[in-house]
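What follows is the content of protein_16.cif, which has mmCIF, C-alpha atoms:
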```cif
data_protein
loop_
_atom_site.group_PDB
_atom_site.id
_atom_site.type_symbol
_atom_site.label_atom_id
_atom_site.label_comp_id
_atom_site.auth_asym_id
_atom_site.auth_seq_id
_atom_site.Cartn_x
_atom_site.Cartn_y
_atom_site.Cartn_z
ATOM 1 C CA MET A 6 62.108 30.683 69.706
ATOM 2 C CA THR A 7 59.732 28.681 72.252
ATOM 3 C CA SER A 8 59.501 29.825 74.214
ATOM 4 C CA GLN A 9 59.286 27.905 72.480
ATOM 5 C CA LEU A 10 59.772 27.897 68.301
ATOM 6 C CA PRO A 11 53.076 28.336 60.730
ATOM 7 C CA SER A 12 47.889 30.327 51.409
ATOM 8 C CA SER A 13 45.372 32.537 50.748
ATOM 9 C CA TYR A 14 43.281 33.263 47.759
ATOM 10 C CA PRO A 15 43.355 36.529 45.829
ATOM 11 C CA ARG A 16 40.367 38.695 46.135
ATOM 12 C CA ASP A 17 37.649 37.915 43.536
ATOM 13 C CA THR A 18 37.039 40.643 40.962
ATOM 14 C CA LYS A 19 33.419 40.893 39.918
ATOM 15 C CA TYR A 20 32.565 42.020 36.428
ATOM 16 C CA PRO A 21 29.070 43.272 35.587
ATOM 17 C CA ASP A 22 27.038 40.788 33.619
ATOM 18 C CA MET A 23 26.686 41.584 29.933
ATOM 19 C CA HIS A 24 23.323 40.684 28.356
ATOM 20 C CA SER A 25 22.238 40.772 24.718
ATOM 21 C CA GLU A 26 18.836 42.417 24.822
ATOM 22 C CA LYS A 27 16.321 42.153 21.982
ATOM 23 C CA ASP A 28 13.008 43.892 22.321
ATOM 24 C CA GLY A 29 11.898 43.553 18.739
ATOM 25 C CA ASN A 30 12.196 47.328 18.118
ATOM 26 C CA SER A 31 14.687 47.766 15.269
ATOM 27 C CA SER A 32 14.839 51.531 15.664
ATOM 28 C CA THR A 33 15.909 51.159 19.235
ATOM 29 C CA MET A 34 18.694 48.795 18.223
ATOM 30 C CA LEU A 35 19.881 51.174 15.489
ATOM 31 C CA ASN A 36 19.798 54.235 17.709
ATOM 32 C CA ARG A 37 21.768 52.491 20.481
ATOM 33 C CA PRO A 38 25.333 53.802 20.553
ATOM 34 C CA SER A 39 27.879 51.509 18.901
ATOM 35 C CA TYR A 40 30.421 50.220 21.382
ATOM 36 C CA ARG A 41 32.397 48.317 18.754
ATOM 37 C CA ARG A 42 34.231 51.429 17.546
ATOM 38 C CA HIS A 43 35.417 52.182 21.070
ATOM 39 C CA ARG A 44 37.003 48.753 21.558
ATOM 40 C CA PRO A 45 40.557 49.790 20.566
ATOM 41 C CA PHE A 46 40.519 52.437 23.271
ATOM 42 C CA ALA A 47 39.155 49.982 25.837
ATOM 43 C CA ILE A 48 41.779 47.406 24.954
ATOM 44 C CA ALA A 49 44.579 49.967 25.222
ATOM 45 C CA PHE A 50 43.245 51.160 28.566
ATOM 46 C CA ALA A 51 43.062 47.580 29.833
ATOM 47 C CA ALA A 52 46.636 46.910 28.704
ATOM 48 C CA VAL A 53 47.887 49.995 30.572
ATOM 49 C CA GLY A 54 45.973 48.915 33.675
ATOM 50 C CA LEU A 55 47.403 45.413 33.503
ATOM 51 C CA CYS A 56 50.939 46.754 33.214
ATOM 52 C CA TYR A 57 50.378 48.959 36.249
ATOM 53 C CA PHE A 58 48.943 46.038 38.220
ATOM 54 C CA LEU A 59 51.928 43.830 37.401
ATOM 55 C CA TRP A 60 54.372 46.599 38.262
ATOM 56 C CA THR A 61 52.812 47.221 41.687
ATOM 57 C CA THR A 62 52.695 43.475 42.389
ATOM 58 C CA VAL A 63 56.383 43.007 41.690
ATOM 59 C CA SER A 64 57.559 46.184 43.388
ATOM 60 C CA SER A 65 55.312 45.784 46.461
ATOM 61 C CA PRO A 66 54.740 42.030 47.001
ATOM 62 C CA GLN A 67 53.935 42.505 50.672
ATOM 63 C CA LEU A 68 50.610 44.043 49.682
ATOM 64 C CA PHE A 69 49.388 40.647 48.514
ATOM 65 C CA ARG A 70 50.597 38.418 51.340
ATOM 66 C CA TYR A 71 47.377 37.546 53.061
ATOM 67 C CA ASN A 72 47.848 35.536 56.213
ATOM 68 C CA CYS A 73 46.077 32.171 56.381
ATOM 69 C CA HIS A 74 47.006 29.589 59.051
ATOM 70 C CA GLY A 75 50.523 30.927 59.419
ATOM 71 C CA ARG A 76 51.417 30.933 55.720
ATOM 72 C CA THR A 77 51.472 33.481 52.980
ATOM 73 C CA ALA A 78 49.915 33.134 49.556
ATOM 74 C CA GLY A 79 53.331 32.209 48.238
ATOM 75 C CA GLY A 80 53.708 29.390 50.775
ATOM 76 C CA VAL A 81 56.354 31.206 52.820
ATOM 77 C CA ALA A 82 56.061 30.518 56.540
ATOM 78 C CA ILE A 83 55.425 33.596 58.632
ATOM 79 C CA LEU A 84 55.752 34.255 62.328
ATOM 80 C CA ASP A 85 53.086 34.744 64.949
ATOM 81 C CA GLN A 86 52.773 38.187 66.493
ATOM 82 C CA SER A 87 54.538 36.940 69.604
ATOM 83 C CA THR A 88 57.632 36.004 67.608
ATOM 84 C CA ALA A 89 57.401 38.479 64.735
ATOM 85 C CA ILE A 90 60.574 39.968 63.332
ATOM 86 C CA PRO A 91 61.002 43.573 64.519
ATOM 87 C CA SER A 92 60.317 46.139 61.808
ATOM 88 C CA GLY A 93 63.818 47.527 62.198
ATOM 89 C CA ASP A 94 65.347 44.110 61.558
ATOM 90 C CA VAL A 95 63.406 42.810 58.578
ATOM 91 C CA LYS A 96 65.054 39.876 56.837
ATOM 92 C CA ALA A 97 63.879 37.218 54.428
ATOM 93 C CA LEU A 98 61.918 34.613 56.367
ATOM 94 C CA ASP A 99 63.781 31.725 54.793
ATOM 95 C CA GLU A 100 66.932 33.119 56.414
ATOM 96 C CA LYS A 101 65.279 32.788 59.832
ATOM 97 C CA LYS A 102 65.323 29.011 60.049
ATOM 98 C CA LEU A 103 65.833 27.805 63.576
ATOM 99 C CA VAL A 104 68.929 25.703 64.131
ATOM 100 C CA PRO A 105 68.229 22.078 65.204
ATOM 101 C CA LEU A 106 69.737 21.465 68.646
ATOM 102 C CA GLU A 107 69.132 18.185 70.424
ATOM 103 C CA ALA A 108 70.250 16.385 73.570
ATOM 104 C CA HIS A 109 69.879 12.608 73.876
ATOM 105 C CA ILE A 110 69.802 11.474 77.485
ATOM 106 C CA MET A 111 68.781 8.848 80.051
ATOM 107 C CA SER A 112 66.890 10.339 82.985
ATOM 108 C CA LYS A 113 68.833 8.422 85.668
ATOM 109 C CA CYS A 114 72.261 8.981 84.148
ATOM 110 C CA PRO A 115 74.708 11.336 85.937
ATOM 111 C CA ASP A 116 76.243 12.323 82.589
ATOM 112 C CA ALA A 117 72.820 13.611 81.534
ATOM 113 C CA ARG A 118 72.713 15.816 84.629
ATOM 114 C CA ASP A 119 76.182 17.204 83.948
ATOM 115 C CA CYS A 120 75.433 17.726 80.261
ATOM 116 C CA LEU A 121 72.280 19.721 80.967
ATOM 117 C CA ARG A 122 73.935 21.759 83.695
ATOM 118 C CA GLU A 123 77.248 22.458 81.972
ATOM 119 C CA MET A 124 76.221 22.899 78.334
ATOM 120 C CA ILE A 125 72.537 22.768 77.401
ATOM 121 C CA LEU A 126 70.935 25.109 79.933
ATOM 122 C CA PRO A 127 73.540 27.912 79.771
ATOM 123 C CA THR A 128 73.526 27.689 75.959
ATOM 124 C CA MET A 129 69.734 27.836 75.762
ATOM 125 C CA GLN A 130 69.723 30.948 77.921
ATOM 126 C CA ARG A 131 71.686 32.693 75.172
ATOM 127 C CA VAL A 132 70.257 31.243 71.928
ATOM 128 C CA LEU A 133 66.702 30.281 72.869
ATOM 129 C CA ASP A 134 65.212 32.253 69.965
ATOM 130 C CA LYS A 135 67.620 30.773 67.420
ATOM 131 C CA VAL A 136 67.224 27.027 67.973
ATOM 132 C CA ASN A 137 64.617 24.324 67.622
ATOM 133 C CA PHE A 138 65.430 22.294 70.719
ATOM 134 C CA THR A 139 64.531 18.633 71.216
ATOM 135 C CA LEU A 140 65.140 16.436 74.240
ATOM 136 C CA SER A 141 65.286 12.770 73.207
ATOM 137 C CA TYR A 142 65.770 9.583 75.177
ATOM 138 C CA ILE A 143 67.957 6.508 74.808
ATOM 139 C CA GLY A 144 66.711 2.955 75.267
ATOM 140 C CA THR A 145 66.087 -0.324 73.491
ATOM 141 C CA PRO A 146 62.795 -1.261 71.782
ATOM 142 C CA THR A 147 61.484 -4.690 72.773
ATOM 143 C CA ASP A 148 59.644 -7.315 70.747
ATOM 144 C CA ASN A 149 56.313 -6.544 72.416
ATOM 145 C CA ASP A 150 56.405 -2.859 71.353
ATOM 146 C CA GLY A 151 57.802 -1.881 74.734
ATOM 147 C CA VAL A 152 61.045 -0.148 75.714
ATOM 148 C CA SER A 153 63.917 -1.373 77.860
ATOM 149 C CA CYS A 154 65.923 1.265 79.745
ATOM 150 C CA MET A 155 69.539 0.810 80.846
ATOM 151 C CA HIS A 156 68.889 1.806 84.464
ATOM 152 C CA GLY A 157 65.668 -0.184 84.794
ATOM 153 C CA SER A 158 61.943 0.460 84.747
ATOM 154 C CA GLU A 159 62.313 3.471 87.045
ATOM 155 C CA GLU A 160 64.377 5.202 84.382
ATOM 156 C CA CYS A 161 61.714 4.429 81.779
ATOM 157 C CA MET A 162 59.130 6.054 84.045
ATOM 158 C CA GLY A 163 61.430 9.031 84.575
ATOM 159 C CA ASN A 164 61.829 9.395 80.809
ATOM 160 C CA ILE A 165 58.053 9.303 80.411
ATOM 161 C CA ILE A 166 57.490 11.968 83.071
ATOM 162 C CA GLU A 167 59.988 14.270 81.374
ATOM 163 C CA LEU A 168 58.400 13.642 77.968
ATOM 164 C CA CYS A 169 54.994 14.475 79.442
ATOM 165 C CA ALA A 170 56.427 17.706 80.831
ATOM 166 C CA ALA A 171 57.693 18.685 77.359
ATOM 167 C CA LYS A 172 54.307 17.797 75.824
ATOM 168 C CA LEU A 173 52.206 19.710 78.361
ATOM 169 C CA TYR A 174 54.605 22.639 78.796
ATOM 170 C CA PRO A 175 56.399 22.980 75.424
ATOM 171 C CA ASP A 176 58.309 26.116 76.436
ATOM 172 C CA PRO A 177 61.917 24.891 76.829
ATOM 173 C CA LYS A 178 62.444 27.319 79.710
ATOM 174 C CA ILE A 179 59.831 25.372 81.666
ATOM 175 C CA TYR A 180 60.349 21.726 80.777
ATOM 176 C CA LEU A 181 64.145 21.959 80.656
ATOM 177 C CA GLY A 182 64.153 23.556 84.094
ATOM 178 C CA PHE A 183 61.897 20.774 85.356
ATOM 179 C CA THR A 184 64.130 18.104 83.823
ATOM 180 C CA MET A 185 67.216 19.690 85.352
ATOM 181 C CA CYS A 186 65.501 19.746 88.726
ATOM 182 C CA LEU A 187 64.827 16.007 88.522
ATOM 183 C CA SER A 188 68.354 15.317 87.266
ATOM 184 C CA ARG A 189 69.948 16.949 90.289
ATOM 185 C CA ASP A 190 68.519 14.044 92.323
ATOM 186 C CA TYR A 191 68.546 11.479 89.513
ATOM 187 C CA GLN A 192 68.917 8.599 91.999
ATOM 188 C CA ASP A 193 65.418 9.399 93.332
ATOM 189 C CA ILE A 194 63.672 9.481 89.946
ATOM 190 C CA PRO A 195 60.698 8.851 89.677
ATOM 191 C CA GLN A 196 59.690 9.282 93.324
ATOM 192 C CA GLU A 197 56.417 11.175 93.672
ATOM 193 C CA SER A 198 57.792 13.685 96.174
ATOM 194 C CA LEU A 199 60.637 14.666 93.820
ATOM 195 C CA VAL A 200 58.312 15.042 90.838
ATOM 196 C CA ARG A 201 55.849 17.098 92.895
ATOM 197 C CA ASP A 202 58.526 19.423 94.270
ATOM 198 C CA CYS A 203 60.116 20.042 90.860
ATOM 199 C CA ALA A 204 56.704 20.598 89.272
ATOM 200 C CA LEU A 205 55.836 23.153 91.939
ATOM 201 C CA GLU A 206 59.193 24.881 91.488
ATOM 202 C CA HIS A 207 58.556 25.373 87.769
ATOM 203 C CA GLY A 208 54.857 26.229 87.817
ATOM 204 C CA MET A 209 53.617 22.867 86.591
ATOM 205 C CA GLU A 210 50.666 20.824 87.809
ATOM 206 C CA SER A 211 51.876 17.424 88.967
ATOM 207 C CA ASN A 212 48.406 15.898 88.572
ATOM 208 C CA LYS A 213 48.518 16.720 84.846
ATOM 209 C CA LEU A 214 51.839 14.917 84.595
ATOM 210 C CA ASP A 215 50.257 11.907 86.304
ATOM 211 C CA GLU A 216 47.282 11.971 83.915
ATOM 212 C CA CYS A 217 49.632 12.104 80.921
ATOM 213 C CA ALA A 218 51.653 9.151 82.208
ATOM 214 C CA VAL A 219 48.585 6.916 82.681
ATOM 215 C CA GLU A 220 46.517 8.050 79.692
ATOM 216 C CA GLU A 221 44.990 5.036 77.914
ATOM 217 C CA ASN A 222 46.490 2.767 80.564
ATOM 218 C CA GLY A 223 49.922 4.169 79.841
ATOM 219 C CA GLY A 224 49.736 3.417 76.116
ATOM 220 C CA THR A 225 50.036 7.042 75.020
ATOM 221 C CA ALA A 226 53.059 7.740 77.206
ATOM 222 C CA LEU A 227 54.754 4.503 76.172
ATOM 223 C CA GLY A 228 54.205 5.470 72.548
ATOM 224 C CA MET A 229 55.943 8.811 73.150
ATOM 225 C CA LEU A 230 58.904 7.049 74.762
ATOM 226 C CA ARG A 231 59.090 4.484 71.963
ATOM 227 C CA ASP A 232 59.104 7.241 69.312
ATOM 228 C CA SER A 233 61.785 9.159 71.193
ATOM 229 C CA VAL A 234 63.979 6.067 71.547
ATOM 230 C CA ARG A 235 63.612 5.279 67.854
ATOM 231 C CA ARG A 236 64.582 8.854 67.031
ATOM 232 C CA SER A 237 67.838 8.376 68.941
ATOM 233 C CA ILE A 238 68.470 5.053 67.212
ATOM 234 C CA ASP A 239 67.847 6.579 63.778
ATOM 235 C CA ALA A 240 70.360 9.312 64.634
ATOM 236 C CA GLY A 241 72.977 6.693 65.531
ATOM 237 C CA VAL A 242 73.052 7.832 69.165
ATOM 238 C CA THR A 243 73.624 5.408 72.034
ATOM 239 C CA LYS A 244 75.543 7.425 74.625
ATOM 240 C CA SER A 245 74.012 9.590 77.322
ATOM 241 C CA CYS A 246 74.519 12.476 76.961
ATOM 242 C CA THR A 247 74.979 13.124 73.225
ATOM 243 C CA VAL A 248 74.498 16.661 71.925
ATOM 244 C CA ARG A 249 73.644 17.075 68.262
ATOM 245 C CA LEU A 250 73.734 20.362 66.353
ATOM 246 C CA ASN A 251 72.142 20.725 62.931
ATOM 247 C CA GLU A 252 71.504 16.957 62.975
ATOM 248 C CA GLU A 253 75.162 16.072 63.456
ATOM 249 C CA ILE A 254 76.873 14.879 66.627
ATOM 250 C CA TYR A 255 78.486 17.906 68.247
ATOM 251 C CA CYS A 256 79.746 16.635 71.612
ATOM 252 C CA ILE A 257 79.347 13.701 74.010
ATOM 253 C CA LYS A 258 79.450 13.591 77.814
ATOM 254 C CA ASP A 259 80.372 10.044 78.783
ATOM 255 C CA GLY A 260 81.906 8.650 81.949
ATOM 256 C CA GLY A 261 82.147 12.119 83.449
ATOM 257 C CA LYS A 262 84.241 13.455 80.532
ATOM 258 C CA TRP A 263 83.503 15.395 77.365
ATOM 259 C CA LYS A 264 84.460 13.433 74.244
ATOM 260 C CA ASP A 265 84.276 13.816 70.477
ATOM 261 C CA CYS A 266 83.947 17.590 70.664
ATOM 262 C CA PRO A 267 85.862 18.993 67.655
ATOM 263 C CA ASN A 268 84.789 22.558 68.464
ATOM 264 C CA GLY A 269 85.339 22.162 72.195
ATOM 265 C CA PRO A 270 82.865 21.516 75.026
ATOM 266 C CA GLY A 271 82.547 25.127 76.127
ATOM 267 C CA VAL A 272 79.264 27.022 76.118
ATOM 268 C CA ASN A 273 80.782 29.865 74.104
ATOM 269 C CA ASP A 274 81.888 27.381 71.453
ATOM 270 C CA LEU A 275 78.368 26.027 71.066
ATOM 271 C CA VAL A 276 76.808 29.500 71.071
ATOM 272 C CA ILE A 277 79.174 30.639 68.308
ATOM 273 C CA ALA A 278 78.373 27.520 66.254
ATOM 274 C CA VAL A 279 74.610 28.093 66.659
ATOM 275 C CA GLU A 280 74.822 31.762 65.691
ATOM 276 C CA LYS A 281 76.944 30.967 62.644
ATOM 277 C CA LEU A 282 74.401 28.403 61.432
ATOM 278 C CA TYR A 283 71.530 30.752 62.201
ATOM 279 C CA ARG A 284 73.036 33.575 60.155
ATOM 280 C CA SER A 285 73.731 31.273 57.227
ATOM 281 C CA GLY A 286 70.318 29.616 57.419
ATOM 282 C CA ALA A 287 70.587 26.235 59.106
ATOM 283 C CA SER A 288 70.931 23.626 56.396
ATOM 284 C CA THR A 289 70.110 20.165 57.637
ATOM 285 C CA SER A 290 72.483 17.346 56.861
ATOM 286 C CA ALA A 291 71.665 13.664 56.646
ATOM 287 C CA ALA A 292 75.235 12.689 57.446
ATOM 288 C CA GLN A 293 75.553 11.066 60.840
ATOM 289 C CA LYS A 294 78.415 9.727 62.926
ATOM 290 C CA SER A 295 78.840 5.992 63.419
ATOM 291 C CA PRO A 296 76.930 4.510 66.384
ATOM 292 C CA SER A 297 78.885 4.368 69.637
ATOM 293 C CA ILE A 298 78.654 2.136 72.684
ATOM 294 C CA ALA A 299 75.925 3.087 75.190
ATOM 295 C CA HIS A 300 76.633 4.726 78.516
#
```

Would you kindly transcribe this structure into structure tokens?
Amino acid sequence: MTSQLPSSYPRDTKYPDMHSEKDGNSSTMLNRPSYRRHRPFAIAFAAVGLCYFLWTTVSSPQLFRYNCHGRTAGGVAILDQSTAIPSGDVKALDEKKLVPLEAHIMSKCPDARDCLREMILPTMQRVLDKVNFTLSYIGTPTDNDGVSCMHGSEECMGNIIELCAAKLYPDPKIYLGFTMCLSRDYQDIPQESLVRDCALEHGMESNKLDECAVEENGGTALGMLRDSVRRSIDAGVTKSCTVRLNEEIYCIKDGGKWKDCPNGPGVNDLVIAVEKLYRSGASTSAAQKSPSIAH
């Protein structure tokens, strides 16, 4: 994964142009060798060549997979060099689907802090290259295309700052660490000193976070928050923190307690579930749990 975790055309074959030449000299035309009688041999030779071409194509398909914008000629996604499958562990690429893992939180919620600390971060340390991780936010869309946050406008700003961090620094090791740093002092979100200190701790530029938050008078950042909130609503999630695995609710941290965790709230349990899905090829499911009451 991301740290964290993209057709081509066959080569043209040029045939020599064939021209019918007439120079008016009948003797020249008669003395020219007749190619017609050699056609059966040419056709047989071409048939043998075609059979050989088809045989090599089927038996060695990798010879014809030309890379173009991260895809092969057959439309199969391939990996960048930085995440390429080791030669000693070659598997079909469609078996290497990353498992969807998602946490839905509110930035000023203590359950979000505990959820990240107790489950998400330690799990990501072990399965980073096997999951497609998303951090989504919980709120309520308003009639004027805005967003209302349970813990007030400061929480909305905290959500935006964390979304900007994920946008500017998409490696989960970076933006999750930054988010965890803010969550440890969630009461102080979004104070400038806290944001600056956490940005410095994780190698981020706080001025870039500021620019992201105010881009187009805040319209861009608000749009990101609105999309994230709608994503949580579409998933039927209203409690912070809700963990979803393979697009299904896996576990909920609410009121300081883990709830609705059929496989258990332990890190090992989640790691085992991720690895099982990864080996089987994560198949997404549209089935969702019923909405629950917000934190």

Legend entry - Target residues per the PyMOL selection byres ((chain A and resi 107-123) around 8), formatted as a ChimeraX atom specification: /A:105-106,124-127,138-144,156,160-161,163-164,185,188-189,191-192,194,237,242,244-250,252,258-261,272

Inset, instruction - For CA of Ala170 (chain A) and CA of Met209 (chain A), quote the distance in Å rounded to one decimal. - result: 8.2 Å

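Once the PyMOL selection byres ((chain A and resi 225-228) around 9) is applied to the shown structure, the selection contains Asp150, Gly151, Val152, Cys161, Ile165, Ile166, Leu168, Cys169, Cys217, Ala218, Val219, Glu220, Glu221, Asn222, Gly223, Gly224, Met229, Leu230, Arg231, Asp232 and Ser233 of chain A.
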
Inset, instruction - Would you kindly return, as number ranges by chain, each protein, DNA or RNA residue with an atom no farther than 12 Å from any atom of Pro177 (chain A), considering all atoms listed in the file and excluding same-chain residues fewer than 2 positions away? - result: A: 6-10, 106-107, 125-126, 128-130, 132-134, 136-140, 167-168, 170-175, 179-185, 207

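Here CA of Asn268 (chain A) is placed at a distance of 7.8 Å from CA of Tyr255 (chain A).
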
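Separating CA of Gln196 (chain A) from CA of Thr145 (chain A) is a distance of 22.9 Å.
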
Edge lengths and centre, in Å to one decimal, as lines of an AutoDock Vina configuration file: that's what I need for the box along x, y and z that holds all listed atoms of region 127-133 of chain A plus 5 Å on each side.
```
center_x = 70.1
center_y = 30.2
center_z = 75.8
size_x = 16.8
size_y = 15.0
size_z = 17.8
```

Legend entry - Pick from A:Pro195, A:Gly208, A:Pro267, A:Gly157, whichever lies nearest to Lys178 (chain A) using only C-alpha atoms: A:Gly208
